[in-house]
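Undergrad: Sharing input01.txt (compact mmCIF, C-alpha atoms and all ligand atoms) below.
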```
# COMPACT_ATOMS: atom_id res chain seq x y z
CA MET A 1 1.33 -15.15 41.27
CA PRO A 2 3.98 -12.44 40.93
CA GLN A 3 2.60 -8.95 40.54
CA VAL A 4 4.08 -8.57 37.08
CA PRO A 5 4.79 -11.98 35.54
CA GLU A 6 8.07 -12.13 33.64
CA GLU A 7 6.28 -12.78 30.34
CA LEU A 8 4.11 -9.74 30.86
CA GLN A 9 7.18 -7.60 31.35
CA LYS A 10 8.59 -9.14 28.20
CA ILE A 11 5.43 -8.45 26.17
CA ILE A 12 5.44 -4.81 27.17
CA GLU A 13 9.16 -4.47 26.58
CA ILE A 14 8.97 -5.98 23.06
CA THR A 15 6.15 -3.61 22.18
CA ARG A 16 8.08 -0.61 23.49
CA GLU A 17 11.21 -1.67 21.62
CA GLN A 18 9.23 -1.94 18.38
CA ASN A 19 7.68 1.49 18.89
CA ARG A 20 10.96 3.15 19.77
CA TRP A 21 12.96 1.50 17.01
CA ARG A 22 10.54 1.91 14.13
CA ARG A 23 8.93 5.22 15.22
CA LEU A 24 11.94 7.12 16.53
CA GLU A 25 15.19 5.65 15.28
CA THR A 26 14.83 4.17 11.80
CA LEU A 27 14.21 5.46 8.31
CA ASN A 28 11.44 3.35 6.85
CA LEU A 29 11.72 2.99 3.07
CA ILE A 30 9.43 -0.02 2.56
CA PRO A 31 6.98 1.05 -0.17
CA SER A 32 4.00 -0.94 1.15
CA GLU A 33 3.99 0.60 4.62
CA ASN A 34 3.14 3.94 6.18
CA VAL A 35 2.37 5.53 9.49
CA MET A 36 -1.06 6.65 10.71
CA SER A 37 -1.53 10.08 12.25
CA PRO A 38 -1.95 10.29 16.05
CA LEU A 39 -5.59 11.21 15.38
CA ALA A 40 -6.22 8.09 13.26
CA GLU A 41 -4.46 6.02 15.94
CA ALA A 42 -6.54 7.55 18.70
CA VAL A 43 -9.82 6.54 17.04
CA TYR A 44 -8.41 3.12 16.12
CA MET A 45 -8.24 2.23 19.80
CA SER A 46 -11.98 1.86 20.35
CA ASP A 47 -14.75 -0.50 21.38
CA PHE A 48 -15.43 -1.16 17.68
CA MET A 49 -12.53 -3.62 17.73
CA SER A 50 -14.49 -6.03 19.91
CA ARG A 51 -17.73 -6.10 17.91
CA TYR A 52 -19.45 -7.85 15.04
CA ALA A 53 -21.60 -6.28 12.35
CA GLU A 54 -22.20 -8.96 9.72
CA GLY A 55 -24.09 -7.64 6.70
CA LYS A 56 -24.30 -4.11 5.35
CA PRO A 57 -24.99 -0.86 7.24
CA TYR A 58 -28.58 -0.77 8.57
CA LYS A 59 -29.08 -4.40 7.42
CA ARG A 60 -27.11 -6.31 10.04
CA PHE A 61 -27.41 -9.75 11.53
CA TYR A 62 -26.53 -8.42 15.00
CA GLN A 63 -27.92 -5.88 17.44
CA GLY A 64 -25.81 -3.14 18.97
CA THR A 65 -24.55 -1.82 15.66
CA LYS A 66 -26.14 1.64 15.36
CA TYR A 67 -22.80 3.45 15.62
CA VAL A 68 -21.10 0.92 13.34
CA ASP A 69 -23.76 1.68 10.73
CA GLU A 70 -23.10 5.40 11.07
CA ILE A 71 -19.31 5.21 10.97
CA GLU A 72 -19.23 2.69 8.11
CA THR A 73 -21.61 4.82 6.04
CA LEU A 74 -19.59 7.97 6.73
CA ALA A 75 -16.28 6.24 5.96
CA MET A 76 -17.68 4.96 2.63
CA LYS A 77 -19.03 8.41 1.76
CA LEU A 78 -15.67 10.05 2.44
CA MET A 79 -13.75 7.38 0.54
CA ASN A 80 -16.07 7.76 -2.47
CA GLU A 81 -15.65 11.51 -2.31
CA ILE A 82 -11.84 11.47 -2.44
CA THR A 83 -11.79 8.62 -4.99
CA ASN A 84 -14.36 10.11 -7.33
CA SER A 85 -16.26 6.82 -7.17
CA VAL A 86 -19.93 5.94 -6.77
CA HIS A 87 -19.72 2.87 -4.52
CA CYS A 88 -17.17 1.43 -2.19
CA ASP A 89 -16.95 -1.50 0.16
CA LEU A 90 -14.57 -1.29 3.10
CA ARG A 91 -15.26 -4.74 4.50
CA PRO A 92 -12.36 -6.65 2.93
CA ILE A 93 -9.82 -6.79 5.75
CA SER A 94 -6.90 -6.70 3.31
CA GLY A 95 -6.06 -5.93 -0.29
CA THR A 96 -5.62 -9.63 -0.95
CA LEU A 97 -9.17 -10.36 0.24
CA ALA A 98 -10.50 -7.47 -1.85
CA ASN A 99 -8.90 -9.16 -4.87
CA ALA A 100 -10.20 -12.59 -3.83
CA GLU A 101 -13.77 -11.30 -3.66
CA VAL A 102 -13.62 -9.53 -7.01
CA PHE A 103 -11.90 -12.43 -8.80
CA ARG A 104 -14.42 -14.92 -7.38
CA VAL A 105 -17.44 -12.86 -8.48
CA LEU A 106 -16.08 -12.36 -12.00
CA ALA A 107 -14.82 -15.88 -12.73
CA ASN A 108 -15.39 -19.51 -11.90
CA PRO A 109 -12.72 -22.17 -11.46
CA GLY A 110 -11.27 -23.02 -14.89
CA ASP A 111 -11.97 -19.57 -16.33
CA LYS A 112 -9.13 -17.45 -17.71
CA ALA A 113 -7.75 -14.15 -16.44
CA LEU A 114 -5.11 -11.92 -17.95
CA ILE A 115 -2.77 -10.23 -15.49
CA ALA A 116 -0.01 -7.65 -15.79
CA PRO A 117 3.34 -9.30 -16.44
CA VAL A 118 5.15 -10.28 -13.25
CA GLN A 119 8.15 -8.31 -14.59
CA ALA A 120 5.93 -5.22 -14.65
CA GLY A 121 5.23 -5.71 -10.95
CA ALA A 122 2.11 -7.91 -10.63
CA HIS A 123 1.31 -8.82 -7.02
CA VAL A 124 1.44 -12.45 -5.91
CA SER A 125 -2.35 -12.38 -5.34
CA HIS A 126 -2.79 -11.92 -9.13
CA THR A 127 -0.86 -15.08 -9.89
CA ARG A 128 -1.22 -18.84 -9.96
CA PHE A 129 0.91 -18.97 -6.80
CA GLY A 130 -1.49 -16.70 -4.90
CA THR A 131 -5.19 -15.87 -4.64
CA LEU A 132 -5.98 -16.33 -8.33
CA GLY A 133 -4.48 -19.82 -8.22
CA ALA A 134 -6.27 -20.67 -4.98
CA LEU A 135 -9.56 -19.84 -6.73
CA GLY A 136 -8.67 -22.16 -9.61
CA ILE A 137 -8.64 -19.35 -12.17
CA GLU A 138 -6.12 -19.72 -14.96
CA GLN A 139 -3.43 -17.04 -15.07
CA ILE A 140 -2.17 -15.75 -18.41
CA GLU A 141 0.41 -12.96 -18.37
CA LEU A 142 0.02 -10.00 -20.68
CA PRO A 143 3.07 -9.43 -22.92
CA TYR A 144 5.92 -7.37 -21.46
CA ASP A 145 7.75 -4.49 -23.13
CA PRO A 146 11.23 -4.38 -21.54
CA GLU A 147 12.10 -1.02 -23.11
CA ASN A 148 9.16 0.70 -21.39
CA MET A 149 9.21 -1.62 -18.35
CA ASN A 150 5.49 -1.99 -18.83
CA VAL A 151 2.68 -3.95 -20.51
CA ASP A 152 3.17 -4.11 -24.29
CA VAL A 153 -0.07 -2.40 -25.35
CA ASP A 154 -0.31 -3.59 -28.99
CA LYS A 155 0.42 -7.20 -28.16
CA ALA A 156 -1.85 -7.01 -25.11
CA ILE A 157 -4.79 -5.89 -27.27
CA LYS A 158 -4.28 -8.89 -29.57
CA MET A 159 -4.10 -11.22 -26.59
CA ILE A 160 -7.30 -9.80 -25.08
CA GLU A 161 -9.11 -10.33 -28.41
CA GLN A 162 -7.84 -13.89 -28.69
CA VAL A 163 -8.20 -15.13 -25.11
CA LYS A 164 -11.43 -13.30 -24.23
CA PRO A 165 -10.66 -13.58 -20.51
CA LYS A 166 -13.26 -13.12 -17.77
CA PHE A 167 -11.19 -10.20 -16.52
CA VAL A 168 -7.91 -8.34 -16.89
CA VAL A 169 -5.90 -7.17 -13.87
CA LEU A 170 -3.55 -4.19 -13.93
CA GLY A 171 -1.59 -2.57 -11.09
CA GLY A 172 1.40 -3.86 -9.22
CA SER A 173 3.78 -4.02 -6.31
CA LEU A 174 7.10 -3.00 -7.85
CA TYR A 175 5.32 -0.17 -9.54
CA LEU A 176 7.35 2.66 -11.06
CA PHE A 177 5.29 3.55 -14.15
CA PRO A 178 1.49 3.50 -14.60
CA HIS A 179 -0.04 0.52 -16.38
CA PRO A 180 -2.10 1.35 -19.49
CA SER A 181 -5.66 1.14 -18.17
CA LYS A 182 -6.99 3.82 -20.51
CA GLU A 183 -5.47 2.16 -23.58
CA LEU A 184 -6.73 -1.33 -22.75
CA ALA A 185 -10.18 -0.57 -21.29
CA PRO A 186 -12.12 -0.32 -24.59
CA HIS A 187 -10.59 -3.57 -25.85
CA VAL A 188 -11.42 -5.36 -22.60
CA HIS A 189 -15.03 -4.19 -22.85
CA ALA A 190 -15.22 -5.15 -26.54
CA VAL A 191 -14.87 -8.83 -25.57
CA ASN A 192 -17.38 -8.46 -22.74
CA SER A 193 -14.69 -8.71 -20.13
CA ARG A 194 -13.95 -6.55 -17.06
CA LEU A 195 -10.95 -4.42 -16.20
CA ILE A 196 -9.75 -4.58 -12.59
CA TYR A 197 -7.16 -2.09 -11.42
CA ASP A 198 -5.32 -3.04 -8.24
CA ALA A 199 -4.32 0.30 -6.71
CA ALA A 200 -2.91 -1.09 -3.44
CA HIS A 201 0.36 0.82 -3.79
CA VAL A 202 -0.78 3.99 -5.48
CA TYR A 203 -4.19 4.64 -3.94
CA GLY A 204 -2.85 7.57 -1.88
CA LEU A 205 -1.35 9.05 -5.05
CA ILE A 206 -4.68 8.63 -6.85
CA THR A 207 -6.66 10.37 -4.10
CA GLY A 208 -3.95 13.06 -4.00
CA LYS A 209 -4.28 13.51 -7.78
CA ALA A 210 -0.65 12.65 -8.48
CA TRP A 211 -1.52 9.44 -10.40
CA HIS A 212 -4.16 8.70 -13.03
CA ASN A 213 -7.53 7.58 -11.67
CA PRO A 214 -8.31 4.27 -13.41
CA LEU A 215 -12.03 4.51 -12.58
CA LEU A 216 -12.19 7.63 -14.74
CA GLU A 217 -10.39 5.80 -17.56
CA GLY A 218 -12.62 2.78 -18.00
CA ALA A 219 -11.61 0.43 -15.20
CA ASP A 220 -14.71 -1.38 -13.92
CA ILE A 221 -13.36 -2.11 -10.45
CA MET A 222 -10.54 -0.72 -8.38
CA THR A 223 -9.25 -2.76 -5.46
CA SER A 224 -6.87 -1.41 -2.88
CA SER A 225 -5.16 -1.66 0.45
CA THR A 226 -5.67 1.23 2.87
CA HIS A 227 -2.17 1.36 4.38
CA LYS A 228 0.42 1.96 1.65
CA THR A 229 0.53 5.42 0.06
CA PHE A 230 -2.93 5.91 1.60
CA PRO A 231 -1.76 6.17 5.20
CA GLY A 232 -4.62 4.47 7.02
CA PRO A 233 -4.96 1.27 9.05
CA GLN A 234 -4.08 -2.08 7.47
CA GLY A 235 -7.09 -3.18 5.45
CA GLY A 236 -8.69 -3.42 2.01
CA ALA A 237 -11.23 -1.61 -0.14
CA ILE A 238 -13.19 -2.11 -3.36
CA PHE A 239 -14.43 0.79 -5.53
CA ILE A 240 -17.04 0.39 -8.29
CA ASN A 241 -19.19 2.81 -10.26
CA ASP A 242 -21.65 0.37 -11.85
CA ASP A 243 -24.68 -0.31 -9.61
CA GLU A 244 -25.31 -3.88 -10.71
CA LEU A 245 -21.70 -4.97 -10.43
CA TYR A 246 -21.45 -3.34 -7.02
CA LYS A 247 -24.51 -5.23 -5.84
CA LYS A 248 -23.03 -8.58 -6.88
CA ILE A 249 -19.87 -7.86 -4.96
CA SER A 250 -21.34 -6.28 -1.86
CA ASP A 251 -23.94 -9.07 -1.60
CA THR A 252 -21.29 -11.77 -1.38
CA ILE A 253 -18.23 -10.29 0.37
CA PHE A 254 -20.01 -11.44 3.53
CA PRO A 255 -20.33 -14.42 3.83
CA TRP A 256 -17.72 -15.47 1.24
CA PHE A 257 -14.63 -13.69 2.50
CA VAL A 258 -15.39 -11.83 5.72
CA SER A 259 -17.45 -12.40 8.84
CA ASN A 260 -16.23 -9.70 11.23
CA HIS A 261 -14.63 -6.94 9.22
CA HIS A 262 -12.27 -5.49 11.86
CA LEU A 263 -14.58 -2.61 12.68
CA HIS A 264 -12.00 -0.48 14.46
CA ARG A 265 -10.52 0.24 11.02
CA LEU A 266 -13.58 2.26 10.07
CA PRO A 267 -13.11 5.48 12.11
CA SER A 268 -9.39 5.44 11.22
CA VAL A 269 -10.12 5.03 7.52
CA ALA A 270 -12.58 7.92 7.79
CA VAL A 271 -10.02 10.15 9.54
CA THR A 272 -7.40 9.27 6.93
CA ALA A 273 -9.86 10.01 4.12
CA LEU A 274 -10.43 13.46 5.64
CA GLU A 275 -6.69 14.01 5.90
CA MET A 276 -6.41 13.12 2.23
CA LYS A 277 -9.30 15.43 1.38
CA TYR A 278 -7.62 18.44 2.98
CA PHE A 279 -3.89 17.65 2.76
CA GLY A 280 -3.71 14.83 0.21
CA GLU A 281 -2.71 16.85 -2.83
CA ASP A 282 0.26 18.43 -1.07
CA TYR A 283 1.27 15.06 0.37
CA ALA A 284 1.02 13.18 -2.94
CA LYS A 285 2.82 15.89 -4.90
CA GLN A 286 5.67 15.84 -2.37
CA ILE A 287 5.88 12.04 -2.55
CA VAL A 288 6.41 12.10 -6.30
CA LYS A 289 8.98 14.91 -6.03
CA ASN A 290 10.81 13.07 -3.25
CA ALA A 291 10.91 9.80 -5.17
CA LYS A 292 12.36 11.49 -8.23
CA ALA A 293 14.92 13.41 -6.13
CA PHE A 294 15.81 10.21 -4.28
CA ALA A 295 16.42 8.31 -7.53
CA GLU A 296 18.63 11.09 -8.88
CA ALA A 297 20.57 11.35 -5.62
CA LEU A 298 21.11 7.59 -5.45
CA ALA A 299 22.41 7.61 -9.03
CA ALA A 300 24.73 10.52 -8.18
CA GLU A 301 26.07 8.55 -5.19
CA GLY A 302 26.97 5.68 -7.53
CA PHE A 303 24.00 3.34 -7.25
CA LYS A 304 22.60 1.63 -10.32
CA VAL A 305 19.03 2.96 -10.33
CA VAL A 306 16.48 1.12 -12.46
CA GLY A 307 14.73 2.94 -15.32
CA GLU A 308 17.13 5.82 -15.95
CA HIS A 309 16.01 6.17 -19.58
CA LEU A 310 12.42 6.58 -18.38
CA GLY A 311 13.21 9.16 -15.70
CA TYR A 312 13.47 6.49 -12.94
CA THR A 313 9.93 6.72 -11.51
CA LYS A 314 6.52 8.33 -11.59
CA SER A 315 5.33 6.79 -8.31
CA HIS A 316 6.46 6.70 -4.67
CA GLN A 317 8.97 3.96 -5.48
CA VAL A 318 12.56 3.71 -6.61
CA ALA A 319 14.34 0.46 -7.47
CA ILE A 320 18.09 -0.09 -7.27
CA ASP A 321 20.15 -2.95 -8.67
CA VAL A 322 22.64 -4.09 -6.01
CA ARG A 323 23.84 -7.30 -7.68
CA ASN A 324 27.42 -5.97 -7.81
CA LEU A 325 27.26 -4.82 -4.19
CA GLY A 326 26.43 -8.26 -2.78
CA GLY A 327 22.83 -8.86 -3.90
CA GLY A 328 19.45 -7.74 -2.57
CA ALA A 329 19.36 -10.02 0.49
CA LYS A 330 22.76 -9.02 1.83
CA VAL A 331 22.53 -5.31 1.07
CA ALA A 332 19.04 -5.06 2.65
CA ARG A 333 20.50 -6.61 5.83
CA MET A 334 23.40 -4.13 5.78
CA PHE A 335 20.93 -1.23 5.48
CA GLU A 336 18.95 -2.62 8.42
CA ASP A 337 22.14 -2.69 10.52
CA ALA A 338 22.32 1.07 9.87
CA ASN A 339 18.60 1.50 10.80
CA ILE A 340 17.53 1.99 7.18
CA ILE A 341 14.62 -0.40 6.57
CA THR A 342 14.11 -1.61 2.99
CA ASN A 343 13.13 -4.80 1.20
CA LYS A 344 14.83 -6.94 -1.39
CA ASN A 345 12.87 -7.36 -4.61
CA LEU A 346 13.05 -9.14 -7.96
CA LEU A 347 13.90 -6.75 -10.78
CA PRO A 348 12.23 -7.11 -14.19
CA TYR A 349 15.18 -9.05 -15.60
CA ASP A 350 15.60 -11.44 -12.62
CA PRO A 351 14.42 -15.04 -13.02
CA PRO A 352 11.65 -16.01 -10.54
CA SER A 353 14.11 -18.47 -8.97
CA ALA A 354 16.14 -15.51 -7.65
CA VAL A 355 13.37 -14.61 -5.20
CA LYS A 356 15.47 -15.36 -2.10
CA ASP A 357 18.40 -13.29 -3.31
CA PRO A 358 17.19 -10.99 -6.06
CA SER A 359 19.25 -8.26 -7.73
CA GLY A 360 17.11 -5.47 -6.44
CA ILE A 361 15.99 -3.41 -3.53
CA ARG A 362 12.66 -1.61 -3.65
CA LEU A 363 12.43 1.75 -1.87
CA GLY A 364 9.41 3.91 -1.06
CA VAL A 365 9.42 7.50 0.13
CA GLN A 366 5.79 7.81 1.33
CA GLU A 367 6.35 7.26 5.05
CA MET A 368 9.31 9.62 5.35
CA THR A 369 7.36 12.16 3.29
CA ARG A 370 4.58 11.93 5.85
CA TYR A 371 7.16 12.81 8.50
CA GLY A 372 8.02 15.93 6.51
CA VAL A 373 11.15 15.07 4.51
CA LYS A 374 11.78 17.09 1.35
CA GLU A 375 13.99 16.60 -1.71
CA GLY A 376 17.20 17.80 0.01
CA ASP A 377 16.66 15.33 2.86
CA MET A 378 16.32 12.49 0.35
CA ALA A 379 19.84 13.33 -0.84
CA GLU A 380 21.10 12.94 2.74
CA ILE A 381 19.46 9.53 2.98
CA ALA A 382 21.07 8.51 -0.34
CA LYS A 383 24.45 9.46 1.14
CA PHE A 384 23.91 7.25 4.22
CA MET A 385 23.07 4.41 1.86
CA ARG A 386 26.27 4.93 -0.14
CA GLU A 387 28.31 4.88 3.06
CA VAL A 388 26.76 1.52 3.97
CA ALA A 389 26.61 -0.32 0.66
CA ILE A 390 29.33 1.23 -1.53
CA ASP A 391 31.93 2.74 0.83
CA LYS A 392 31.36 -0.09 3.35
CA LYS A 393 31.95 2.32 6.22
CA ASP A 394 31.57 1.23 9.84
CA VAL A 395 27.85 0.54 9.95
CA LEU A 396 27.50 1.58 13.58
CA GLU A 397 28.88 5.01 12.73
CA VAL A 398 26.29 5.39 9.97
CA LYS A 399 23.57 4.16 12.31
CA LYS A 400 24.42 6.92 14.77
CA LYS A 401 24.06 9.50 12.01
CA VAL A 402 20.75 7.96 10.90
CA ILE A 403 19.35 8.20 14.44
CA GLU A 404 20.42 11.86 14.61
CA PHE A 405 18.83 12.56 11.21
CA ARG A 406 15.60 10.88 12.27
CA LYS A 407 15.25 13.21 15.26
CA ARG A 408 14.38 16.01 12.85
CA PHE A 409 11.39 14.03 11.52
CA LEU A 410 9.34 12.62 14.36
CA SER A 411 5.88 14.09 13.92
CA VAL A 412 3.37 13.20 11.24
CA LYS A 413 2.53 16.03 8.84
CA TYR A 414 -0.45 16.36 6.46
CA THR A 415 -2.91 15.96 9.34
CA PHE A 416 -5.05 18.21 11.54
CA ASP A 417 -3.22 20.18 14.19
CA LEU A 418 -5.35 19.31 17.21
CA ASP A 419 -4.96 18.76 20.91
CA LEU A 420 -6.47 15.28 21.14
CA GLY A 421 -7.07 15.76 24.85
CA GLN A 422 -9.89 18.19 24.09
CA PHE A 423 -12.01 15.24 22.86
CA SER A 424 -11.30 12.93 25.79
CA ASN A 425 -11.13 14.86 29.07
CA GLY A 426 -7.38 15.08 28.60
CA LYS A 427 -6.96 11.31 28.63
CA VAL A 428 -5.26 10.19 25.45
CA ILE A 429 -3.66 6.76 25.49
CA PRO A 430 -0.14 7.26 24.18
CA LEU A 431 1.95 4.65 22.41
CA LEU A 432 4.16 2.77 24.85
CA ILE A 433 7.52 4.35 24.23
C1 LIG B 1 0.20 -5.10 -1.12
C2 LIG B 1 -0.56 -5.49 -2.33
C3 LIG B 1 -1.73 -6.24 -2.22
C4 LIG B 1 -2.13 -6.93 -0.96
O1 LIG B 1 -2.49 -6.15 0.04
P1 LIG B 1 -2.66 -6.72 1.50
O2 LIG B 1 -3.47 -5.65 2.14
O3 LIG B 1 -1.28 -6.86 2.06
O4 LIG B 1 -3.35 -8.03 1.43
C5 LIG B 1 -2.48 -6.45 -3.35
N1 LIG B 1 -2.11 -5.97 -4.54
C6 LIG B 1 -0.98 -5.26 -4.69
C7 LIG B 1 -0.63 -4.73 -6.02
C8 LIG B 1 -0.16 -5.02 -3.59
O5 LIG B 1 0.98 -4.37 -3.76
```
Rewrite the structure of this file - the entire thing - as structure tokens.
TA:
Amino acid sequence: MPQVPEELQKIIEITREQNRWRRLETLNLIPSENVMSPLAEAVYMSDFMSRYAEGKPYKRFYQGTKYVDEIETLAMKLMNEITNSVHCDLRPISGTLANAEVFRVLANPGDKALIAPVQAGAHVSHTRFGTLGALGIEQIELPYDPENMNVDVDKAIKMIEQVKPKFVVLGGSLYLFPHPSKELAPHVHAVNSRLIYDAAHVYGLITGKAWHNPLLEGADIMTSSTHKTFPGPQGGAIFINDDELYKKISDTIFPWFVSNHHLHRLPSVAVTALEMKYFGEDYAKQIVKNAKAFAEALAAEGFKVVGEHLGYTKSHQVAIDVRNLGGGAKVARMFEDANIITNKNLLPYDPPSAVKDPSGIRLGVQEMTRYGVKEGDMAEIAKFMREVAIDKKDVLEVKKKVIEFRKRFLSVKYTFDLDLGQFSNGKVIPLLI
């Protein structure tokens, strides 16, 4: 056996390439991603990742879980504190599984659910093509108001009264403007139904108080991911205030949808919750300012930015229409060649059949905000994007400038300024770079 098999070298090299490229050389503008702090990463790498702890804290089906019980309880306490919620469950290992659990508890196969219109950004898990469909629940879309790029509230109220669904889902993935949870909640409750708000994208904005908190406006359940604007490890969460409803959900998440719940997430979620507690308001406020500045700068550079008449965005996202520049698929590839990472996306007026080459590109500023970019830097990024997609300049030249720009933003802000070595006899495992 060779000392270092060729494949082993390859595995390490691929990992290093990924780390170097995405951590040091690219501008990440994908709205569903983020970067954890070095502190959250340090506690992620732990023995918890090898263990099981089926059941709830202090009521497990395994031995050896005393520290899991402690960390899970602390993580839930911190998450409830920053969310202003009574109960939470961190066991869903993704946002999709959080939705699956909630949908399954609230409805049986054949029951009806109302979801936000796909044009207003509904996630695939809300639809007949995704989790809702897999559970056999019938999907009915709420009416869409193209002028406001949102749910049509008056028509939605009528539909809720007529259909009397088991539940209504708001929240989305291309998500520029808040869905009307406050307006719809009383009408949902009047027909004995439940309002679910899927906060996967905006949870970090909610905990940073830069977005409305649906749990304070009548939503019965909030589901989320923990890795989008909330910059924690990939995973899911469910928040509920009502004791009885919480019990139904927490009693079935295991064994219905999780067995091991990826325990190494728990200390990282707790660290991230603390970061949000102390730095979250500054971070969220800067995200919203950056998104707005980015939209304005992109428009000034000649891009067609969606939602001009509504002020472009209230979230971390901006959407551009690049149909005339070659379409979403091609332009996203051109950006990648210049080390600007984005994703193509259907725009509200695209037919679903355009999914492989939609008109749009969806951009998110949360990760670059975490690296410390401000409004003026967003304008520089918009200029690089014009050079690529509109001026069609030599992409390698732009890439060089992007790599230079990125060098100014390599360390994660909005976290504790600590020497991690002080907790570990100086031995901190660094990323392979
Ligand atoms: C990303 C997303 C999800 C799914 O989250 P995962 O953690 O990737 O499973 C659910 N709902 C919405 C609105 C999302 O944007």
Undergrad: With distances taken over all atoms listed in the file, which residue among A:Ala107, A:Leu176, A:Leu263, A:Val168 lies nearest Ser50 of chain A?
TA: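 Selected residue with least distance to Ser50 of chain A: A:Leu263.
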Undergrad: Which value, in Å to one decimal, gives the distance between atom N1 of ligand LIG 1 (chain B) and atom CA of Phe230 of chain A?
TA: 13.4 Å
Undergrad: Using only C-alpha atoms, pick whichever of A:Ile115, A:Val322, A:Val169, A:Val86 has the shortest atom-to-atom distance to Asp243 of chain A.
TA: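 Among the listed residues, A:Val86 lies closest to Asp243 of chain A.
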Undergrad: Would you name the residues within 6 Å of ligand LIG 1 (chain B), counting only C-alpha atoms and all ligand atoms, and put them as a list in words?
TA: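 Listed by chain and ascending number, the contacts are Ser94, Gly95, Thr96, His123, Gly171, Gly172, Ser173, Asp198, Ala200, His201, Ser225, Gly235 and Gly236 of chain A.
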Undergrad: Store the residues picked out above in a file with C-alpha atoms, as a JSON list (two decimals), in the frame of the given file.
TA:
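Final output, saved to selection-v5.json:
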```json
[["chain", "number", "residue", "atom", "x", "y", "z"],
["A", 94, "SER", "CA", -6.90, -6.70, 3.31],
["A", 95, "GLY", "CA", -6.06, -5.93, -0.29],
["A", 96, "THR", "CA", -5.62, -9.63, -0.95],
["A", 123, "HIS", "CA", 1.31, -8.82, -7.02],
["A", 171, "GLY", "CA", -1.59, -2.57, -11.09],
["A", 172, "GLY", "CA", 1.40, -3.86, -9.22],
["A", 173, "SER", "CA", 3.78, -4.02, -6.31],
["A", 198, "ASP", "CA", -5.32, -3.04, -8.24],
["A", 200, "ALA", "CA", -2.91, -1.09, -3.44],
["A", 201, "HIS", "CA", 0.36, 0.82, -3.79],
["A", 225, "SER", "CA", -5.16, -1.66, 0.45],
["A", 235, "GLY", "CA", -7.09, -3.18, 5.45],
["A", 236, "GLY", "CA", -8.69, -3.42, 2.01]]
```
Undergrad: Using all atoms of segment 338-349 of chain A that appear in the file, construct an axis-aligned enclosing box with 5 Å of padding on every side and provide its centre coordinates and edge lengths in Å, rounded to one decimal, as lines of an AutoDock Vina configuration file.
TA:
```
center_x = 17.3
center_y = -3.6
center_z = -2.4
size_x = 20.1
size_y = 21.1
size_z = 36.4
```
Undergrad: Could you check which residues have any atom within 12 Å of (5.5, -10.8, -13.5), counting only C-alpha atoms with coordinates taken straight from the file, and then list them as a ChimeraX atom specification?
TA: /A:114-129,139-146,149-151,169-175,346-352
Undergrad: How would segment 12-20 of chain A look with N, CA, C and O atoms restored, written as an mmCIF file, in the frame of the given file?
TA:
```cif
data_model
loop_
_atom_site.group_PDB
_atom_site.id
_atom_site.type_symbol
_atom_site.label_atom_id
_atom_site.label_comp_id
_atom_site.auth_asym_id
_atom_site.auth_seq_id
_atom_site.Cartn_x
_atom_site.Cartn_y
_atom_site.Cartn_z
ATOM 1 N N ILE A 12 5.444 -6.272 27.194
ATOM 2 C CA ILE A 12 5.440 -4.810 27.170
ATOM 3 C C ILE A 12 6.763 -4.281 26.637
ATOM 4 O O ILE A 12 6.801 -3.348 25.823
ATOM 5 N N GLU A 13 7.838 -4.922 27.021
ATOM 6 C CA GLU A 13 9.160 -4.470 26.580
ATOM 7 C C GLU A 13 9.316 -4.633 25.057
ATOM 8 O O GLU A 13 9.814 -3.736 24.364
ATOM 9 N N ILE A 14 8.862 -5.770 24.525
ATOM 10 C CA ILE A 14 8.970 -5.980 23.060
ATOM 11 C C ILE A 14 8.180 -4.904 22.326
ATOM 12 O O ILE A 14 8.640 -4.337 21.329
ATOM 13 N N THR A 15 6.984 -4.620 22.833
ATOM 14 C CA THR A 15 6.150 -3.610 22.180
ATOM 15 C C THR A 15 6.827 -2.241 22.221
ATOM 16 O O THR A 15 6.852 -1.506 21.227
ATOM 17 N N ARG A 16 7.385 -1.905 23.382
ATOM 18 C CA ARG A 16 8.080 -0.610 23.490
ATOM 19 C C ARG A 16 9.281 -0.546 22.556
ATOM 20 O O ARG A 16 9.530 0.475 21.906
ATOM 21 N N GLU A 17 10.028 -1.640 22.498
ATOM 22 C CA GLU A 17 11.210 -1.670 21.620
ATOM 23 C C GLU A 17 10.804 -1.428 20.170
ATOM 24 O O GLU A 17 11.438 -0.673 19.440
ATOM 25 N N GLN A 18 9.727 -2.122 19.757
ATOM 26 C CA GLN A 18 9.230 -1.940 18.380
ATOM 27 C C GLN A 18 8.878 -0.471 18.137
ATOM 28 O O GLN A 18 9.281 0.121 17.140
ATOM 29 N N ASN A 19 8.107 0.093 19.060
ATOM 30 C CA ASN A 19 7.680 1.490 18.890
ATOM 31 C C ASN A 19 8.869 2.428 18.829
ATOM 32 O O ASN A 19 8.919 3.329 17.996
ATOM 33 N N ARG A 20 9.811 2.234 19.740
ATOM 34 C CA ARG A 20 10.960 3.150 19.770
ATOM 35 C C ARG A 20 11.791 3.020 18.503
ATOM 36 O O ARG A 20 12.168 4.004 17.881
#
```
